[in-house]
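Peer 1: If you scroll down you'll find the structure; I have some questions about it.
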Amino acid sequence: MLITLKSKGEISLMREAGRILAIAHDEMRKAIQPGISTYDLDKLGEEVIRSYGGVPACLGYEGYPASVCVSVNNEVVHGIPNKKTILKDGDIVSLDTVVAYQGYHADSARTYGVGEISDEAKRLIDVTKESFFEGLRYCVAGNRIGDISRAVFRYVVSRGYGSVRELAGHGIGQEMHEEPEVPNFPRLFKGPKLKPGMVICIEPMNTAGNCAVEFLDDDWTVVTADGSLAAHYENTVLITEGKPVILSRAEGIKL
Ligand code: MF3
Ligand code: CO
């Protein structure tokens, strides 16, 4: 498929999807505390998304059974929420979800600590968030996707963390996953040029140990092979003639 360039009208729908998404993330953030189940976080996220007229696009996507991907500690992404997984003091939890609004998508992920977390866990979360913003600096028309990939990778690896290679960011629009792929490591082929109207998701997934990952038997949950902690941070970004615009945000809510 070709890379689609979005019109003003399409962008305003994606902005609304992104606003709903940011509100849902913020509500889930506030609910995180020792004792809550990953199931409860998913239900809360779904409820908020629907209450604003959004559709939780993960639900049923290629058979995924929930609205929010909830990944705890060594789980990197696509953890399946359930009543048995109860968050406890010192855990870290990644929430990744997608909202569709009138046929257009926005996708973002956050990682939070539960109660008091170790300085090492905090640092992994911070560096992962910062690595997104490092990539964002290269979201300038005329640059290539590979410029973003390289920036994210260097930021992460130079700080001693692993950058997961099996999964990548992506274009987004009428589909949750569109061209181009946005890897978190550089390749010889730098990929397509960024153009105004392109919308991409940049989503570093980083590990405290080795970058190798495995799938659990549920066929969804991606975990670190060495059991180390993992963090994820993602936003939906519009390329413009000037500065990039983060579409997955809402006024008054911190990124
Ligand atoms: N944000 C996720 C991604 O880009 C989407 C979740 S996959 C799903 O991979 F199956 F849960 F929808
Ligand atoms: Co994504």
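Residues are named by chain letter and number: chains run A, B, ... in the order of the structure tokens, numbers start at 1 in each chain, and ligands are numbered from 1 in the order shown.
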Residues up to 9 Å from ligand 2, counting only C-alpha atoms and all ligand atoms: could you list those as number ranges by chain?

Peer 2: A: 96-98, 106-109, 168-172, 176-177, 200-203, 234-236

Peer 1: Just N, CA and C atoms for this one: save the residues we selected as a tab-separated table (two decimals), in the first residue's frame.

Peer 2:
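Wrote selection_5.tsv, looks like this:
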chain	number	residue	atom	x	y	z
A	96	ASP	N	-1.20	0.56	26.10
A	96	ASP	CA	-1.11	0.88	24.68
A	96	ASP	C	-2.51	0.70	24.11
A	97	THR	N	-3.06	1.77	23.52
A	97	THR	CA	-4.39	1.61	22.96
A	97	THR	C	-4.60	2.52	21.76
A	98	VAL	N	-5.63	2.19	21.01
A	98	VAL	CA	-5.92	2.88	19.76
A	98	VAL	C	-7.40	3.26	19.75
A	106	ALA	N	-6.05	6.98	16.10
A	106	ALA	CA	-4.88	7.53	16.80
A	106	ALA	C	-4.42	6.46	17.77
A	107	ASP	N	-3.11	6.40	17.99
A	107	ASP	CA	-2.48	5.29	18.71
A	107	ASP	C	-1.43	5.89	19.64
A	108	SER	N	-1.46	5.50	20.92
A	108	SER	CA	-0.41	5.96	21.82
A	108	SER	C	-0.20	4.97	22.96
A	109	ALA	N	0.97	5.05	23.57
A	109	ALA	CA	1.31	4.17	24.68
A	109	ALA	C	2.06	4.95	25.75
A	168	ALA	N	7.79	-2.42	15.41
A	168	ALA	CA	8.15	-1.10	14.92
A	168	ALA	C	6.96	-0.15	14.99
A	169	GLY	N	7.22	1.12	14.85
A	169	GLY	CA	6.16	2.10	14.64
A	169	GLY	C	5.63	1.94	13.22
A	170	HIS	N	4.72	2.84	12.84
A	170	HIS	CA	3.96	2.62	11.60
A	170	HIS	C	3.20	3.88	11.20
A	171	GLY	N	2.81	3.93	9.92
A	171	GLY	CA	1.86	4.95	9.51
A	171	GLY	C	0.49	4.63	10.09
A	172	ILE	N	-0.39	5.64	10.06
A	172	ILE	CA	-1.73	5.44	10.65
A	172	ILE	C	-2.72	6.38	9.96
A	176	MET	N	-5.29	1.20	11.32
A	176	MET	CA	-4.42	1.34	12.50
A	176	MET	C	-2.95	1.25	12.10
A	177	HIS	N	-2.66	0.33	11.19
A	177	HIS	CA	-1.29	0.16	10.72
A	177	HIS	C	-1.23	0.41	9.23
A	200	ILE	N	2.47	9.40	11.33
A	200	ILE	CA	3.18	8.18	11.75
A	200	ILE	C	3.15	8.03	13.27
A	201	CYS	N	3.26	6.78	13.70
A	201	CYS	CA	3.40	6.48	15.12
A	201	CYS	C	4.85	6.11	15.38
A	202	ILE	N	5.46	6.83	16.31
A	202	ILE	CA	6.82	6.52	16.75
A	202	ILE	C	6.68	5.86	18.10
A	203	GLU	N	7.22	4.64	18.24
A	203	GLU	CA	6.96	3.91	19.48
A	203	GLU	C	8.15	3.10	19.95
A	234	GLU	N	4.63	5.95	23.08
A	234	GLU	CA	4.21	6.14	21.68
A	234	GLU	C	3.27	7.33	21.55
A	235	ASN	N	3.42	8.05	20.45
A	235	ASN	CA	2.43	9.05	20.06
A	235	ASN	C	2.21	9.01	18.55
A	236	THR	N	1.08	9.57	18.14
A	236	THR	CA	0.71	9.72	16.73
A	236	THR	C	1.13	11.12	16.29

Peer 1: Excluding Tyr112 (chain A) and residues on its chain fewer than 2 positions from it, collect all residues at most 8 Å away from it, counting only C-alpha atoms, and give them as a PyMOL selection string.

Peer 2: chain A and resi 29+92-94+110+114+125

Peer 1: Which residues in region 7-254 of chain A does DSSP call helix (DSSP H, G or I)? List them as number ranges by chain.

Peer 2: A: 8-31, 38-51, 61-63, 119-136, 145-157

Peer 1: Can you list, as JSON, numbers by chain, every protein, DNA or RNA residue that comes within 10 Å of Ser71 (chain A) when you count only C-alpha atoms, leaving out same-chain residues fewer than 2 positions away?

Peer 2: {"A": [38, 68, 69, 73, 74, 75, 76, 77, 78, 79, 80, 81, 92, 93, 94, 95, 96, 111, 221, 222, 223, 230, 231, 232]}

Peer 1: For ligand 1, which residue out of A:Ser67, A:Ser7, A:Ser228, A:Asn184 is the nearest one, using only C-alpha atoms and all ligand atoms?

Peer 2: A:Ser67

Peer 1: Measuring atom to atom with only C-alpha atoms, identify which of A:Gly90, A:Pro204, A:Gly45, A:Pro180 is nearest to Cys58 (chain A).

Peer 2: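 Under the stated criterion, the closest residue is A:Gly45.
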
Peer 1: Of the candidates A:Gly160, A:Pro34, A:Pro183, A:Gly135, which one gets nearest to ligand 1 if we count only C-alpha atoms and all ligand atoms?

Peer 2: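 Answer, going by the shortest atom-to-atom distance: A:Pro183.
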
Peer 1: Skipping near chain neighbours, those fewer than 3 positions away, what residues fall within 10 Å of Tyr138 (chain A) using only C-alpha atoms, listed as an MDAnalysis selection string?

Peer 2: chainID A and resid 133:135 141:152 194 243:244

Peer 1: Using only all heavy atoms, please write the residues we just selected to a file, as a short mmCIF file (atom, residue, chain, number, x, y, z; two decimals), in the first residue's frame.

Peer 2:
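What landed in out.cif:
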data_model
loop_
_atom_site.label_atom_id
_atom_site.label_comp_id
_atom_site.auth_asym_id
_atom_site.auth_seq_id
_atom_site.Cartn_x
_atom_site.Cartn_y
_atom_site.Cartn_z
N PHE A 133 10.92 11.60 22.07
CA PHE A 133 11.10 13.02 21.75
C PHE A 133 12.37 13.26 20.94
O PHE A 133 12.43 14.20 20.14
CB PHE A 133 11.05 13.87 23.02
CG PHE A 133 9.64 14.01 23.53
CD1 PHE A 133 9.16 13.18 24.53
CD2 PHE A 133 8.78 14.94 22.96
CE1 PHE A 133 7.85 13.27 24.97
CE2 PHE A 133 7.46 15.04 23.39
CZ PHE A 133 7.00 14.21 24.39
N GLU A 134 13.37 12.42 21.15
CA GLU A 134 14.58 12.51 20.32
C GLU A 134 14.22 12.19 18.86
O GLU A 134 14.62 12.90 17.94
CB GLU A 134 15.64 11.53 20.87
CG GLU A 134 16.95 11.56 20.14
CD GLU A 134 17.70 12.88 20.29
OE1 GLU A 134 17.35 13.70 21.19
OE2 GLU A 134 18.63 13.10 19.48
N GLY A 135 13.43 11.14 18.66
CA GLY A 135 12.97 10.81 17.31
C GLY A 135 12.13 11.93 16.71
O GLY A 135 12.25 12.24 15.52
N ALA A 141 9.85 17.44 7.25
CA ALA A 141 9.67 17.12 5.83
C ALA A 141 11.03 17.15 5.13
O ALA A 141 11.83 18.06 5.36
CB ALA A 141 8.71 18.12 5.19
N GLY A 142 11.28 16.15 4.32
CA GLY A 142 12.56 16.06 3.61
C GLY A 142 13.51 15.06 4.26
O GLY A 142 14.35 14.46 3.58
N ASN A 143 13.41 14.90 5.59
CA ASN A 143 14.16 13.81 6.25
C ASN A 143 13.59 12.48 5.83
O ASN A 143 12.51 12.42 5.24
CB ASN A 143 14.02 13.92 7.78
CG ASN A 143 15.04 14.88 8.38
OD1 ASN A 143 15.87 15.43 7.69
ND2 ASN A 143 14.93 15.07 9.68
N ARG A 144 14.29 11.42 6.18
CA ARG A 144 13.77 10.07 5.92
C ARG A 144 13.40 9.37 7.22
O ARG A 144 13.88 9.74 8.29
CB ARG A 144 14.81 9.24 5.16
CG ARG A 144 15.00 9.72 3.73
CD ARG A 144 15.92 8.81 2.94
NE ARG A 144 16.14 9.38 1.61
CZ ARG A 144 15.36 9.16 0.55
NH1 ARG A 144 14.30 8.38 0.66
NH2 ARG A 144 15.63 9.71 -0.61
N ILE A 145 12.53 8.37 7.09
CA ILE A 145 12.13 7.56 8.25
C ILE A 145 13.37 7.10 9.03
O ILE A 145 13.39 7.11 10.26
CB ILE A 145 11.28 6.34 7.80
CG1 ILE A 145 9.90 6.79 7.31
CG2 ILE A 145 11.17 5.31 8.91
CD1 ILE A 145 8.96 7.32 8.37
N GLY A 146 14.39 6.71 8.28
CA GLY A 146 15.61 6.19 8.91
C GLY A 146 16.30 7.20 9.81
O GLY A 146 17.06 6.82 10.72
N ASP A 147 16.07 8.48 9.57
CA ASP A 147 16.66 9.50 10.45
C ASP A 147 16.03 9.43 11.83
O ASP A 147 16.71 9.62 12.85
CB ASP A 147 16.47 10.90 9.84
CG ASP A 147 17.23 11.06 8.53
OD1 ASP A 147 18.42 10.70 8.50
OD2 ASP A 147 16.62 11.53 7.55
N ILE A 148 14.72 9.16 11.86
CA ILE A 148 14.03 9.00 13.14
C ILE A 148 14.53 7.73 13.83
O ILE A 148 14.88 7.75 15.02
CB ILE A 148 12.50 8.88 12.91
CG1 ILE A 148 11.96 10.11 12.18
CG2 ILE A 148 11.77 8.65 14.24
CD1 ILE A 148 10.52 9.94 11.69
N SER A 149 14.58 6.65 13.07
CA SER A 149 15.01 5.35 13.61
C SER A 149 16.39 5.44 14.24
O SER A 149 16.62 4.95 15.35
CB SER A 149 15.05 4.30 12.50
OG SER A 149 13.79 4.19 11.87
N ARG A 150 17.29 6.08 13.54
CA ARG A 150 18.66 6.18 14.03
C ARG A 150 18.73 7.02 15.30
O ARG A 150 19.43 6.68 16.25
CB ARG A 150 19.55 6.82 12.94
CG ARG A 150 21.01 6.91 13.35
CD ARG A 150 21.86 7.48 12.24
NE ARG A 150 21.35 8.78 11.82
CZ ARG A 150 21.77 9.44 10.73
NH1 ARG A 150 22.67 8.90 9.95
NH2 ARG A 150 21.25 10.61 10.43
N ALA A 151 17.96 8.10 15.32
CA ALA A 151 17.98 8.99 16.50
C ALA A 151 17.47 8.26 17.74
O ALA A 151 18.07 8.33 18.81
CB ALA A 151 17.13 10.23 16.21
N VAL A 152 16.36 7.53 17.57
CA VAL A 152 15.79 6.78 18.70
C VAL A 152 16.81 5.74 19.17
O VAL A 152 17.10 5.63 20.37
CB VAL A 152 14.46 6.09 18.30
CG1 VAL A 152 14.00 5.11 19.37
CG2 VAL A 152 13.38 7.13 18.01
N LEU A 194 9.95 11.94 4.46
CA LEU A 194 8.79 12.50 5.17
C LEU A 194 8.20 13.64 4.36
O LEU A 194 8.94 14.48 3.83
CB LEU A 194 9.23 13.01 6.55
CG LEU A 194 9.87 11.98 7.46
CD1 LEU A 194 10.32 12.63 8.77
CD2 LEU A 194 8.91 10.83 7.76
N LYS A 243 7.09 22.43 12.11
CA LYS A 243 7.29 21.49 13.22
C LYS A 243 6.26 20.37 13.18
O LYS A 243 5.11 20.58 12.79
CB LYS A 243 7.13 22.22 14.56
CG LYS A 243 8.30 23.12 14.90
CD LYS A 243 8.15 23.63 16.34
CE LYS A 243 9.34 24.49 16.72
NZ LYS A 243 9.09 25.33 17.87
N PRO A 244 6.66 19.16 13.65
CA PRO A 244 5.69 18.06 13.73
C PRO A 244 4.64 18.37 14.79
O PRO A 244 4.89 19.12 15.72
CB PRO A 244 6.54 16.87 14.17
CG PRO A 244 7.71 17.47 14.86
CD PRO A 244 7.98 18.77 14.17
#

Peer 1: Which one of A:Leu59, A:Arg123, A:Gly113, A:Phe189 sits closest to ligand 1 if you count only C-alpha atoms and all ligand atoms?

Peer 2: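 Of all the options, A:Leu59 lies closest to ligand 1.
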
Peer 1: Given the choices A:Glu251, A:Asp126, A:Glu175, A:Asp226, which gets closest to ligand 1 if the distance is worked out from only C-alpha atoms and all ligand atoms?

Peer 2: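 Closest candidate: A:Glu175.
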
Peer 1: Do a neighbour search on Gln102 (chain A) at 9 Å with only C-alpha atoms, toss out local chain neighbours closer than 3 positions, and write the hits as a ChimeraX atom specification.

Peer 2: /A:13-14,17,53-55,105

Peer 1: Can you tell me which residues surround Tyr52 (chain A) at a distance of at most 10 Å, considering only C-alpha atoms, apart from same-chain residues fewer than 4 positions away, and format the answer as number ranges by chain?

Peer 2: A: 16-17, 19-21, 23-24, 47-48, 101
